>>> print(open('coords27.cif').read())   # mmCIF, C-alpha atoms
data_run
loop_
_atom_site.label_atom_id
_atom_site.label_comp_id
_atom_site.auth_asym_id
_atom_site.auth_seq_id
_atom_site.Cartn_x
_atom_site.Cartn_y
_atom_site.Cartn_z
CA MET A 1 19.95 -71.06 4.12
CA LEU A 2 18.96 -67.81 2.51
CA LEU A 3 22.38 -67.62 0.85
CA LEU A 4 21.90 -71.08 -0.60
CA LEU A 5 18.50 -70.11 -1.97
CA LEU A 6 19.88 -66.94 -3.49
CA GLY A 7 22.79 -68.81 -5.03
CA ILE A 8 20.50 -71.38 -6.60
CA ILE A 9 18.15 -68.76 -7.99
CA LEU A 10 21.10 -66.79 -9.39
CA LEU A 11 22.46 -69.85 -11.12
CA HIS A 12 19.07 -70.56 -12.65
CA ILE A 13 18.64 -67.00 -13.82
CA ALA A 14 22.16 -66.92 -15.27
CA GLY A 15 21.38 -70.00 -17.32
CA LEU A 16 18.09 -68.46 -18.43
CA VAL A 17 19.76 -65.23 -19.52
CA LEU A 18 22.38 -67.13 -21.49
CA LEU A 19 19.61 -69.09 -23.20
CA PHE A 20 17.76 -65.91 -24.09
CA VAL A 21 20.84 -64.23 -25.55
CA SER A 22 21.83 -67.33 -27.46
CA THR A 23 18.39 -67.66 -29.01
CA ILE A 24 17.65 -64.04 -29.76
CA VAL A 25 21.00 -62.79 -31.06
CA SER A 26 21.51 -64.26 -34.50
CA VAL A 27 25.26 -64.91 -34.43
CA TRP A 28 25.68 -68.68 -34.50
CA THR A 29 28.02 -68.36 -37.45
CA SER A 30 30.25 -65.40 -38.00
CA GLY A 31 32.62 -64.56 -40.84
CA GLU A 32 34.63 -61.50 -41.67
CA THR A 33 31.80 -59.51 -43.12
CA SER A 34 28.75 -61.53 -42.24
CA THR A 35 26.88 -63.16 -39.40
CA ALA A 36 24.30 -65.84 -39.85
CA ASP A 37 21.74 -68.02 -38.10
CA LEU A 38 19.53 -68.61 -36.21
CA TRP A 39 16.95 -66.22 -37.59
CA ILE A 40 18.61 -63.78 -40.00
CA ASN A 41 21.74 -63.61 -42.11
CA CYS A 42 23.35 -60.21 -42.20
CA THR A 43 26.18 -59.10 -44.45
CA THR A 44 28.15 -55.88 -44.66
CA THR A 45 28.77 -55.00 -48.28
CA ASN A 46 29.90 -51.82 -50.03
CA ALA A 47 26.27 -50.73 -50.07
CA GLY A 48 25.98 -51.14 -46.30
CA TYR A 49 24.47 -53.49 -43.78
CA HIS A 50 21.93 -55.85 -45.32
CA CYS A 51 19.92 -58.64 -43.68
CA ASP A 52 17.95 -61.55 -45.15
CA PRO A 53 15.87 -64.17 -43.41
CA ALA A 54 17.84 -67.34 -42.65
CA SER A 55 17.54 -70.31 -44.97
CA ALA A 56 14.35 -72.22 -44.31
CA GLY A 57 15.93 -75.65 -44.15
CA GLU A 58 14.59 -78.40 -41.92
CA TRP A 59 17.58 -78.55 -39.58
CA ILE A 60 17.70 -74.85 -38.87
CA GLN A 61 14.03 -74.96 -37.97
CA ALA A 62 14.66 -77.87 -35.64
CA VAL A 63 17.40 -75.92 -33.85
CA GLN A 64 15.09 -72.90 -33.57
CA ALA A 65 12.36 -75.05 -32.07
CA LEU A 66 14.70 -76.73 -29.58
CA MET A 67 16.12 -73.40 -28.37
CA ILE A 68 12.65 -71.95 -27.89
CA LEU A 69 11.52 -75.06 -26.05
CA SER A 70 14.53 -74.87 -23.75
CA ILE A 71 13.66 -71.29 -22.87
CA ILE A 72 10.05 -72.23 -22.20
CA PHE A 73 11.02 -75.15 -19.98
CA SER A 74 13.58 -73.13 -18.07
CA CYS A 75 11.03 -70.40 -17.37
CA LEU A 76 8.47 -73.00 -16.30
CA SER A 77 11.06 -74.52 -14.00
CA LEU A 78 11.69 -71.15 -12.33
CA LEU A 79 7.96 -70.64 -11.80
CA LEU A 80 7.61 -74.16 -10.41
CA PHE A 81 10.52 -73.55 -8.05
CA PHE A 82 8.76 -70.59 -6.50
CA CYS A 83 5.51 -72.56 -6.36
CA GLN A 84 7.11 -75.54 -4.70
CA LEU A 85 9.06 -73.36 -2.30
CA PHE A 86 5.80 -72.40 -0.64
CA THR A 87 3.73 -75.56 -1.08
CA LEU A 88 6.19 -78.39 -0.51
CA GLN A 89 6.24 -80.01 2.91
CA LYS A 90 9.36 -80.15 5.01
CA GLY A 91 11.94 -82.62 3.73
CA GLY A 92 10.43 -82.75 0.29
CA ARG A 93 12.49 -82.61 -2.89
CA PHE A 94 12.05 -80.25 -5.80
CA PHE A 95 11.58 -83.03 -8.29
CA LEU A 96 9.32 -81.24 -10.71
CA THR A 97 11.54 -78.18 -10.85
CA GLY A 98 14.61 -80.29 -11.37
CA THR A 99 12.93 -82.33 -14.11
CA PHE A 100 11.96 -79.28 -16.11
CA GLN A 101 15.41 -77.73 -15.75
CA ILE A 102 17.12 -80.95 -16.82
CA LEU A 103 14.79 -81.20 -19.80
CA ALA A 104 15.67 -77.62 -20.74
CA SER A 105 19.36 -78.47 -20.63
CA LEU A 106 18.78 -81.53 -22.79
CA PHE A 107 16.96 -79.42 -25.37
CA VAL A 108 19.86 -76.96 -25.53
CA MET A 109 22.28 -79.81 -25.91
CA SER A 110 20.28 -81.37 -28.75
CA GLY A 111 19.97 -78.02 -30.48
CA ALA A 112 23.68 -77.31 -30.27
CA ILE A 113 24.58 -80.83 -31.44
CA ILE A 114 22.21 -80.67 -34.40
CA TYR A 115 23.65 -77.30 -35.38
CA THR A 116 27.23 -78.56 -35.10
CA VAL A 117 26.61 -81.63 -37.22
CA MET A 118 24.33 -80.15 -39.84
CA SER A 119 25.62 -76.61 -40.36
CA PRO A 120 28.35 -77.56 -42.91
CA GLN A 121 25.46 -78.15 -45.31
CA TRP A 122 24.62 -74.49 -45.53
CA VAL A 123 27.58 -72.68 -43.97
CA PRO A 124 30.77 -72.23 -46.03
CA GLU A 125 33.97 -73.67 -44.58
CA THR A 126 35.61 -70.28 -44.12
CA GLU A 127 33.14 -69.14 -41.50
CA ALA A 128 33.61 -69.83 -37.80
CA PHE A 129 31.11 -70.42 -35.04
CA GLY A 130 29.81 -67.24 -33.44
CA TYR A 131 29.31 -66.31 -29.82
CA SER A 132 25.65 -67.30 -29.65
CA TYR A 133 26.69 -70.84 -30.40
CA ILE A 134 29.27 -70.74 -27.61
CA LEU A 135 26.72 -69.31 -25.18
CA ALA A 136 24.38 -72.16 -26.01
CA TRP A 137 27.08 -74.64 -25.12
CA VAL A 138 27.80 -72.77 -21.86
CA ALA A 139 24.10 -72.65 -20.96
CA PHE A 140 23.84 -76.44 -21.24
CA PRO A 141 26.05 -77.41 -18.24
CA LEU A 142 24.70 -74.49 -16.19
CA ALA A 143 21.15 -75.69 -16.69
CA LEU A 144 22.14 -79.30 -16.05
CA ILE A 145 23.91 -78.47 -12.77
CA SER A 146 21.00 -76.31 -11.71
CA GLY A 147 18.56 -79.10 -12.41
CA LEU A 148 20.62 -81.64 -10.49
CA ILE A 149 20.84 -79.32 -7.52
CA TYR A 150 17.06 -79.02 -7.50
CA VAL A 151 16.69 -82.78 -7.53
CA ILE A 152 19.09 -83.24 -4.65
CA LEU A 153 17.93 -80.27 -2.61
CA ARG A 154 15.64 -80.89 0.34
CA LYS A 155 13.30 -78.29 1.71
CA ARG A 156 14.11 -77.04 5.16
CA GLU A 157 12.12 -74.55 7.19
CA MET Q 158 -57.17 -54.06 -24.87
CA GLY Q 159 -54.20 -52.02 -23.66
CA ARG Q 160 -51.65 -54.20 -25.52
CA ALA Q 161 -53.62 -54.94 -28.65
CA GLY Q 162 -54.59 -51.31 -29.27
CA PRO Q 163 -51.29 -49.41 -29.83
CA MET Q 164 -49.51 -52.06 -31.91
CA ARG Q 165 -52.43 -53.15 -34.03
CA GLY Q 166 -51.76 -50.65 -36.74
CA VAL Q 167 -48.08 -51.55 -36.99
CA TRP Q 168 -48.72 -55.29 -37.02
CA LEU Q 169 -51.28 -54.90 -39.76
CA GLY Q 170 -48.79 -52.96 -41.83
CA ILE Q 171 -45.97 -55.38 -41.18
CA ASN Q 172 -48.04 -58.48 -41.85
CA GLN Q 173 -49.37 -57.17 -45.12
CA GLY Q 174 -45.95 -55.97 -46.16
CA THR Q 175 -44.20 -59.22 -45.24
CA VAL Q 176 -46.71 -61.34 -47.08
CA CYS Q 177 -46.39 -59.15 -50.15
CA PHE Q 178 -42.59 -59.26 -49.92
CA LEU Q 179 -42.49 -63.06 -49.61
CA LEU Q 180 -45.00 -63.68 -52.37
CA LEU Q 181 -43.28 -61.35 -54.76
CA SER Q 182 -39.83 -62.80 -53.98
CA CYS Q 183 -41.11 -66.28 -54.79
CA PHE Q 184 -42.67 -64.94 -57.93
CA GLU Q 185 -39.43 -63.32 -59.04
CA ALA Q 186 -37.39 -66.44 -58.34
CA LEU Q 187 -39.79 -68.57 -60.36
CA CYS Q 188 -39.76 -65.98 -63.13
CA ARG Q 189 -36.01 -66.05 -63.39
CA VAL Q 190 -35.84 -69.84 -63.45
CA ALA Q 191 -38.56 -70.01 -66.09
CA SER Q 192 -37.05 -67.30 -68.29
CA SER Q 193 -33.67 -69.04 -68.30
CA ILE Q 194 -35.29 -71.89 -70.23
CA PRO Q 195 -34.99 -70.86 -73.92
CA PRO Q 196 -38.65 -71.39 -74.96
CA LEU Q 197 -39.86 -69.20 -72.09
CA HIS Q 198 -37.70 -66.09 -72.73
CA PHE Q 199 -40.84 -64.00 -73.17
CA LEU Q 200 -41.34 -64.14 -69.38
CA SER Q 201 -38.34 -61.90 -68.61
CA PRO Q 202 -40.08 -58.46 -69.02
CA PRO Q 203 -42.72 -59.15 -66.37
CA CYS Q 204 -40.01 -60.33 -64.01
CA THR Q 205 -38.19 -57.02 -64.13
CA ARG Q 206 -41.35 -55.27 -63.02
CA THR Q 207 -41.07 -56.99 -59.68
CA ARG Q 208 -38.27 -54.55 -58.88
CA SER Q 209 -41.01 -52.47 -57.33
CA ARG Q 210 -41.78 -55.08 -54.71
CA VAL Q 211 -39.51 -53.33 -52.28
CA GLY Q 212 -41.42 -50.10 -52.85
CA LEU Q 213 -44.67 -51.97 -52.26
CA PHE Q 214 -43.42 -53.37 -48.98
CA LEU Q 215 -42.25 -49.99 -47.82
CA ASP Q 216 -45.61 -48.50 -48.72
CA ARG Q 217 -47.42 -51.05 -46.60
CA LEU Q 218 -45.02 -50.49 -43.73
CA LEU Q 219 -45.44 -46.73 -43.94
CA SER Q 220 -49.23 -47.03 -43.90
CA GLY Q 221 -48.89 -48.97 -40.69
CA LEU Q 222 -46.53 -46.34 -39.33
CA ARG Q 223 -49.00 -43.59 -40.18
CA HIS Q 224 -51.54 -45.21 -37.84
CA PRO Q 225 -51.83 -42.74 -34.90
CA SER Q 226 -51.53 -45.44 -32.25
CA PHE Q 227 -48.03 -46.37 -33.46
CA TRP Q 228 -46.40 -43.44 -31.78
CA GLU Q 229 -47.43 -44.52 -28.29
CA LEU Q 230 -44.90 -46.60 -26.47
CA PRO Q 231 -45.47 -50.34 -26.93
CA ALA Q 232 -46.28 -52.42 -23.90
CA LYS Q 233 -43.52 -55.03 -24.44
CA PRO Q 234 -39.90 -54.73 -25.59
CA GLU Q 235 -40.12 -57.99 -27.55
CA THR Q 236 -42.35 -56.38 -30.12
CA MET Q 237 -39.79 -53.63 -30.65
CA LEU Q 238 -37.08 -56.24 -31.14
CA THR Q 239 -39.16 -58.07 -33.72
CA LEU Q 240 -39.72 -54.79 -35.53
CA LEU Q 241 -35.99 -54.12 -35.50
CA ALA Q 242 -35.23 -57.58 -36.86
CA LEU Q 243 -37.71 -57.16 -39.70
CA ALA Q 244 -36.31 -53.73 -40.53
CA SER Q 245 -32.78 -55.13 -40.76
CA VAL Q 246 -34.02 -57.92 -43.05
CA VAL Q 247 -35.60 -55.32 -45.30
CA LEU Q 248 -32.42 -53.26 -45.41
CA LEU Q 249 -30.37 -56.33 -46.26
CA GLY Q 250 -32.84 -57.00 -49.04
CA ILE Q 251 -32.42 -53.48 -50.45
CA VAL Q 252 -28.66 -53.12 -50.27
CA PRO Q 253 -27.53 -55.93 -52.62
CA GLU Q 254 -29.63 -54.50 -55.41
CA GLN Q 255 -27.50 -51.35 -55.40
CA SER Q 256 -23.87 -52.61 -55.19
CA GLN Q 257 -23.14 -54.58 -58.31
CA ALA Q 258 -19.39 -55.04 -58.45
CA ILE Q 259 -18.08 -58.40 -59.48
CA VAL Q 260 -15.48 -59.92 -57.14
CA ILE Q 261 -12.86 -62.23 -58.62
CA TYR Q 262 -10.99 -64.83 -56.57
CA THR Q 263 -7.73 -66.50 -57.47
CA GLY Q 264 -4.97 -67.79 -55.25
CA TRP Q 265 -2.23 -65.48 -54.01
CA GLU Q 266 0.81 -67.56 -54.82
CA ARG Q 267 1.34 -71.01 -56.27
CA HIS Q 268 4.39 -73.19 -55.95
CA ALA Q 269 5.10 -75.93 -58.42
CA LEU Q 270 7.80 -78.39 -59.33
CA LEU Q 271 9.73 -78.22 -62.58
CA GLY Q 272 8.01 -80.26 -65.24
CA SER Q 273 4.75 -80.68 -63.40
CA ASP Q 274 1.27 -79.39 -64.22
CA ILE Q 275 -0.52 -76.71 -62.29
CA ARG Q 276 -4.16 -75.71 -62.11
CA LEU Q 277 -4.72 -71.99 -61.69
CA SER Q 278 -8.16 -71.47 -60.26
CA CYS Q 279 -10.31 -68.43 -60.88
CA SER Q 280 -13.85 -67.91 -59.69
CA PHE Q 281 -16.01 -64.89 -59.19
CA PHE Q 282 -18.86 -63.66 -57.07
CA SER Q 283 -21.64 -61.62 -58.62
CA TRP Q 284 -25.04 -60.54 -57.36
CA ARG Q 285 -26.43 -61.29 -60.80
CA TRP Q 286 -27.23 -64.70 -62.10
CA THR Q 287 -24.58 -66.24 -64.37
CA SER Q 288 -25.33 -64.99 -67.83
CA GLU Q 289 -24.56 -66.81 -71.07
CA ASP Q 290 -22.19 -64.04 -72.13
CA VAL Q 291 -19.88 -64.64 -69.19
CA THR Q 292 -16.23 -64.20 -70.21
CA PHE Q 293 -12.97 -65.28 -68.61
CA SER Q 294 -9.56 -64.10 -69.71
CA TRP Q 295 -6.12 -64.89 -68.41
CA THR Q 296 -3.03 -62.77 -69.03
CA TYR Q 297 0.57 -63.52 -68.16
CA ARG Q 298 3.31 -61.14 -67.11
CA PRO Q 299 6.80 -62.67 -66.76
CA ASP Q 300 8.89 -61.82 -63.69
CA GLY Q 301 10.78 -58.63 -64.26
CA SER Q 302 8.82 -57.62 -67.31
CA ARG Q 303 6.18 -54.91 -67.60
CA ASP Q 304 4.20 -56.28 -70.53
CA SER Q 305 1.33 -58.67 -70.22
CA ILE Q 306 0.40 -61.15 -72.86
CA SER Q 307 -3.01 -62.70 -73.16
CA ILE Q 308 -2.96 -66.49 -72.98
CA PHE Q 309 -6.57 -67.56 -72.63
CA HIS Q 310 -10.01 -66.23 -73.43
CA TYR Q 311 -13.42 -67.77 -72.93
CA THR Q 312 -16.38 -66.12 -74.58
CA GLY Q 313 -19.66 -67.05 -76.19
CA GLY Q 314 -19.44 -70.57 -74.86
CA ALA Q 315 -16.06 -71.35 -76.47
CA ALA Q 316 -12.57 -71.39 -75.00
CA TYR Q 317 -9.66 -69.93 -76.98
CA VAL Q 318 -6.17 -70.99 -75.83
CA ASP Q 319 -2.72 -69.66 -76.60
CA ASN Q 320 -1.43 -70.95 -79.93
CA LYS Q 321 1.42 -68.50 -80.62
CA GLY Q 322 2.87 -67.34 -77.32
CA PRO Q 323 4.98 -68.83 -74.54
CA PHE Q 324 2.25 -71.28 -73.54
CA ARG Q 325 1.59 -72.69 -76.98
CA ASP Q 326 -0.13 -76.09 -76.66
CA ARG Q 327 0.33 -76.08 -72.90
CA VAL Q 328 -2.87 -74.43 -71.73
CA GLU Q 329 -6.09 -76.29 -71.21
CA PHE Q 330 -9.43 -75.02 -69.98
CA VAL Q 331 -10.61 -77.04 -67.00
CA GLY Q 332 -13.21 -74.69 -65.63
CA ASN Q 333 -16.99 -74.71 -65.60
CA PRO Q 334 -18.44 -71.34 -66.65
CA GLY Q 335 -21.89 -72.37 -65.52
CA ARG Q 336 -20.54 -72.71 -62.03
CA ARG Q 337 -18.52 -69.50 -62.28
CA ASP Q 338 -15.22 -71.39 -62.50
CA GLY Q 339 -12.67 -70.21 -65.02
CA SER Q 340 -9.66 -72.34 -64.09
CA ILE Q 341 -6.93 -73.26 -66.51
CA LEU Q 342 -4.36 -76.04 -66.46
CA ILE Q 343 -0.77 -75.31 -67.50
CA LYS Q 344 1.31 -78.35 -68.36
CA ASN Q 345 5.01 -79.09 -68.25
CA LEU Q 346 6.22 -76.09 -66.29
CA ASP Q 347 9.58 -74.52 -66.91
CA PHE Q 348 11.63 -71.89 -65.08
CA ASN Q 349 10.62 -69.35 -67.71
CA ASP Q 350 7.03 -69.67 -66.54
CA ASN Q 351 7.73 -67.78 -63.33
CA GLY Q 352 5.50 -64.76 -63.31
CA THR Q 353 2.10 -63.30 -62.54
CA PHE Q 354 -1.13 -64.65 -64.03
CA THR Q 355 -4.11 -62.35 -63.98
CA CYS Q 356 -7.69 -63.55 -64.29
CA ASP Q 357 -10.43 -61.18 -65.43
CA ALA Q 358 -14.03 -62.33 -65.44
CA LYS Q 359 -17.08 -60.48 -66.67
CA ASN Q 360 -20.70 -61.39 -66.07
CA PRO Q 361 -22.84 -59.05 -68.19
CA PRO Q 362 -24.43 -56.75 -67.10
CA ASP Q 363 -22.14 -57.00 -64.09
CA ILE Q 364 -18.84 -55.91 -65.60
CA VAL Q 365 -17.31 -53.60 -63.01
CA GLY Q 366 -14.64 -55.43 -61.08
CA ARG Q 367 -10.94 -55.75 -60.39
CA PRO Q 368 -8.92 -58.54 -61.99
CA SER Q 369 -7.15 -60.80 -59.52
CA SER Q 370 -3.58 -62.05 -59.86
CA VAL Q 371 -1.81 -65.21 -58.79
CA ARG Q 372 1.95 -65.50 -58.73
CA LEU Q 373 3.56 -68.70 -59.97
CA LEU Q 374 6.89 -69.91 -58.62
CA VAL Q 375 8.60 -72.90 -60.16
CA PHE Q 376 11.11 -74.81 -58.06
CA GLU Q 377 13.37 -77.73 -58.63
CA LYS Q 378 12.53 -78.90 -55.15
CA VAL Q 379 9.58 -77.44 -53.28
CA PRO Q 380 10.99 -75.85 -50.13
CA ILE Q 381 9.37 -76.07 -46.75
CA GLN Q 382 8.02 -72.79 -45.53
CA ALA Q 383 9.99 -71.11 -42.78
CA GLY Q 384 8.57 -71.88 -39.39
CA VAL Q 385 6.49 -74.94 -40.22
CA ILE Q 386 8.81 -77.46 -38.63
CA THR Q 387 9.64 -75.09 -35.78
CA GLY Q 388 6.01 -74.67 -34.93
CA ALA Q 389 5.33 -78.35 -35.29
CA ILE Q 390 8.07 -79.39 -32.88
CA ILE Q 391 7.13 -76.79 -30.29
CA GLY Q 392 3.46 -77.64 -30.58
CA VAL Q 393 4.00 -81.36 -30.20
CA VAL Q 394 6.24 -81.06 -27.15
CA LEU Q 395 3.98 -78.59 -25.37
CA GLY Q 396 0.96 -80.67 -26.28
CA LEU Q 397 2.57 -83.74 -24.75
CA LEU Q 398 3.32 -81.74 -21.62
CA VAL Q 399 -0.27 -80.61 -21.30
CA LEU Q 400 -1.49 -84.14 -21.95
CA ILE Q 401 0.72 -85.58 -19.24
CA VAL Q 402 -0.48 -82.98 -16.74
CA VAL Q 403 -4.13 -83.65 -17.61
CA ILE Q 404 -3.72 -87.41 -17.33
CA TYR Q 405 -1.95 -87.04 -14.00
CA TYR Q 406 -4.74 -84.96 -12.53
CA LEU Q 407 -7.38 -87.25 -14.02
CA MET Q 408 -5.80 -90.33 -12.43
CA ARG Q 409 -5.59 -88.53 -9.12
CA PHE Q 410 -9.22 -87.53 -9.36
CA LEU Q 411 -10.37 -91.04 -10.29
CA VAL Q 412 -8.36 -92.70 -7.57
CA ALA Q 413 -9.65 -90.23 -5.01
CA ARG Q 414 -13.22 -90.82 -6.16
CA ARG Q 415 -12.82 -94.59 -5.97
CA VAL Q 416 -11.33 -94.33 -2.49
CA PHE Q 417 -14.20 -92.06 -1.48
CA SER Q 418 -16.90 -94.41 -2.80
CA LEU Q 419 -15.24 -97.39 -1.11
CA SER Q 420 -15.08 -95.56 2.21
CA VAL Q 421 -18.72 -94.51 1.86
CA SER Q 422 -19.88 -98.08 1.21
CA LYS Q 423 -17.81 -99.36 4.13
CA HIS Q 424 -19.22 -96.68 6.37
CA GLY Q 425 -22.73 -97.50 5.20
CA LYS Q 426 -22.24 -101.21 5.92
CA LYS Q 427 -20.96 -100.52 9.40
CA LYS Q 428 -23.93 -98.29 10.13
CA LYS Q 429 -26.37 -100.98 8.94
CA GLU Q 430 -24.77 -103.67 11.10
CA GLY Q 431 -24.80 -101.35 14.08
CA SER Q 432 -28.50 -100.54 13.67
CA GLN Q 433 -29.41 -104.25 13.23
CA GLN Q 434 -27.62 -105.16 16.42
CA ARG Q 435 -29.53 -102.44 18.24
CA GLN Q 436 -32.91 -103.61 16.89
CA GLY Q 437 -32.39 -107.32 17.69
CA PRO Q 438 -32.94 -107.66 21.48
CA VAL Q 439 -35.55 -104.83 21.81
CA PRO Q 440 -38.96 -106.30 20.70
CA PRO Q 441 -39.31 -109.80 22.28
CA ALA Q 442 -43.11 -109.88 21.70
CA ASP Q 443 -42.70 -109.52 17.89
CA PRO Q 444 -43.85 -112.82 16.33
CA SER Q 445 -41.69 -112.50 13.16
CA LYS Q 446 -38.56 -111.92 15.20
CA ILE Q 447 -39.26 -114.91 17.50
CA LYS Q 448 -39.40 -117.16 14.46
CA VAL Q 449 -35.91 -115.94 13.33
#
>>> encode(input="coords27.cif", output="structure tokens")
Amino acid sequence: MLLLLLGIILLHIAGLVLLFVSTIVSVWTSGETSTADLWINCTTTNAGYHCDPASAGEWIQAVQALMILSIIFSCLSLLLFFCQLFTLQKGGRFFLTGTFQILASLFVMSGAIIYTVMSPQWVPETEAFGYSYILAWVAFPLALISGLIYVILRKRE
Amino acid sequence: MGRAGPMRGVWLGINQGTVCFLLLSCFEALCRVASSIPPLHFLSPPCTRTRSRVGLFLDRLLSGLRHPSFWELPAKPETMLTLLALASVVLLGIVPEQSQAIVIYTGWERHALLGSDIRLSCSFFSWRWTSEDVTFSWTYRPDGSRDSISIFHYTGGAAYVDNKGPFRDRVEFVGNPGRRDGSILIKNLDFNDNGTFTCDAKNPPDIVGRPSSVRLLVFEKVPIQAGVITGAIIGVVLGLLVLIVVIYYLMRFLVARRVFSLSVSKHGKKKKEGSQQRQGPVPPADPSKIKV
């Protein structure tokens, strides 16, 4: 029982950490000498390393908002899990926790999809997707599985 | 006797001083209004003599303070508070007479579309009344250049606009000097109009002040500021969450209250029936009950 609990919490925290890294590190697009999005664009020129704020387009801002919302919902879900662990009666399901975690995964998914579809507008063709983008896509199934587990899980003494 | 005695001197001083202060303030206000009407300009010298009203008030206050009973402790703290409040009012009355810098307000940055018109606002704050010799002047410094060129000047009741420089026939005065507004309208903007516009206003005799600058940026398409949409989306979603939580708890509270009131009324009814049943067979000699 304790092992199960630990496993679930670890899964949740892994998803949360991936979300944090994906949001904070600005490497959604990477080229040979530059990295760009979500927050700053940095280039390495002869003069050195130089960073500018990312373009203030509407779609980039939507992706930023969705990533931040997914982090908020995932954190809330973790808090709710600990709350419900102590207040739920025997046999009850962690519906609220699962709902928040599933919502967080949906937000990450929407953010990643919007970025995939809309980034050709401001990113040149020669640049590839960076590791933050990949982490966002990895965080989505982790969060989804975690949320589903919470919905299915029943509280035992 | 104990309360009236020690504070009497101070109250006398304060009352006399306050009345003097109020009367003389009214007098000065009326003086100024009257002397601004051209036929009554001869009234302005007597008005300036009212500068001494503050000294008069202080004199009255000091005479109250010199009363020997002032320096005994007052019976109530409220009187000390009133004294403090009056003193702060006096100080606030003195201070503005000394600092006479003019403060000029323009925007910080203005964004405009190519080909559109833009109104650059400029207003000022001065402790003096708006004089007739108020002047406004606007200068323009292009982006990347160090020289400023004057494009507008208002003085002596007439506005003079640029007729030789980069804004030839494009500047219009849309301000109201009487209301301290020196705004100009620039028409048909171009990319070359990017730069800094500086407004300088003078309200004689209040001429010491810093000019204020507004930066103009001309765009083909006005961009959305970074973070506006982000904040909006986050705010809306979190707001919805909070709303749902509040509504859920409200419904629970209302349902619980309704259930509670229903149970109370049911309980009350049962109690009434029970008591009636108990009362029925007890008094057989009661005439009203026999009838029923």
>>> residues_around(input="coords27.cif", residues="Ser30 of chain A", least_positions_apart="5", cutoff="8 Å", atoms="all atoms listed in the file", output="list of chain:residue names")
A:Thr35, A:Ala36, A:Glu127, A:Ala128, A:Phe129, A:Gly130
>>> atom_distance(input="coords27.cif", atom1="atom CA of Asp350 of chain Q", atom2="atom CA of Pro323 of chain Q")
8.3 Å
>>> residues_around(input="coords27.cif", residues="Ile13 of chain A", least_positions_apart="3", cutoff="10 Å", atoms="only C-alpha atoms", output="VMD selection string")
chain A and resid 7 to 10 16 to 19 74 to 75 78 142 to 143 146
>>> closest_residue(input="coords27.cif", among="A:Thr33, A:Ser70, A:Thr45, A:Ser26", to="chain Q", atoms="all atoms listed in the file")
A:Ser70
>>> interface_residues(input="coords27.cif", of="chain A", to="chain Q", cutoff="6 Å", atoms="only C-alpha atoms", output="list of chain:residue names")
A:Ala56, A:Gln61, A:Ala62, A:Ala65
>>> write_last_selection(input="coords27.cif", atoms="C-alpha atoms", output="PDB file, in the coordinates of the input")
ATOM      1  CA  ALA A  56      14.350 -72.220 -44.310  1.00  0.00           C
ATOM      2  CA  GLN A  61      14.030 -74.960 -37.970  1.00  0.00           C
ATOM      3  CA  ALA A  62      14.660 -77.870 -35.640  1.00  0.00           C
ATOM      4  CA  ALA A  65      12.360 -75.050 -32.070  1.00  0.00           C
TER       5      ALA A  65
END
>>> resolve_selection(input="coords27.cif", expression="the PyMOL selection byres ((chain Q and resi 377) around 9)", output="ChimeraX atom specification")
/Q:269-272,348,375-376,378-379
>>> atom_distance(input="coords27.cif", atom1="atom CA of Asn320 of chain Q", atom2="atom CA of Gly366 of chain Q")
27.8 Å
>>> atom_distance(input="coords27.cif", atom1="atom CA of Leu398 of chain Q", atom2="atom CA of Asp37 of chain A")
28.3 Å
>>> closest_residue(input="coords27.cif", among="Q:Arg409, Q:Asn345, Q:Arg367, Q:Ile259", to="Trp286 of chain Q", atoms="all atoms listed in the file")
Q:Ile259
>>> closest_residue(input="coords27.cif", among="Q:Ala413, Q:Met408, Q:Leu373, Q:Leu400", to="Pro299 of chain Q", atoms="all atoms listed in the file")
Q:Leu373
>>> residues_near_point(input="coords27.cif", point="(24.7, -72.0, -32.1)", cutoff="8 Å", atoms="all atoms listed in the file", output="PyMOL selection string")
chain A and resi 22+27-29+37-38+111-112+115-116+129-137
>>> resolve_selection(input="coords27.cif", expression="the PyMOL selection byres ((chain Q and resi 264) around 9)", output="ChimeraX atom specification")
/Q:262-263,265-267,277-279,369-372
>>> closest_residue(input="coords27.cif", among="Q:Ile343, Q:Val403, Q:Val291, Q:Leu241", to="Asp319 of chain Q", atoms="only C-alpha atoms")
Q:Ile343
>>> closest_residue(input="coords27.cif", among="A:Asn41, A:Thr99, A:Ser105, A:Gln89", to="Leu69 of chain A", atoms="all atoms listed in the file")
A:Ser105
>>> decode(input="coords27.cif", residues="segment 28-32 of chain A", atoms="N, CA and C atoms", output="mmCIF file, in the first residue's frame")
data_model
loop_
_atom_site.group_PDB
_atom_site.id
_atom_site.type_symbol
_atom_site.label_atom_id
_atom_site.label_comp_id
_atom_site.auth_asym_id
_atom_site.auth_seq_id
_atom_site.Cartn_x
_atom_site.Cartn_y
_atom_site.Cartn_z
ATOM 1 N N TRP A 28 12.411 25.965 -26.837
ATOM 2 C CA TRP A 28 11.411 25.241 -27.622
ATOM 3 C C TRP A 28 11.851 25.115 -29.064
ATOM 4 N N THR A 29 12.677 26.032 -29.504
ATOM 5 C CA THR A 29 13.239 25.947 -30.857
ATOM 6 C C THR A 29 14.744 26.095 -30.715
ATOM 7 N N SER A 30 15.478 25.247 -31.380
ATOM 8 C CA SER A 30 16.926 25.422 -31.307
ATOM 9 C C SER A 30 17.528 25.284 -32.689
ATOM 10 N N GLY A 31 18.476 26.181 -32.979
ATOM 11 C CA GLY A 31 19.194 26.124 -34.249
ATOM 12 C C GLY A 31 20.669 25.935 -33.950
ATOM 13 N N GLU A 32 21.493 26.172 -34.938
ATOM 14 C CA GLU A 32 22.922 25.967 -34.703
ATOM 15 C C GLU A 32 23.489 26.957 -33.716
#
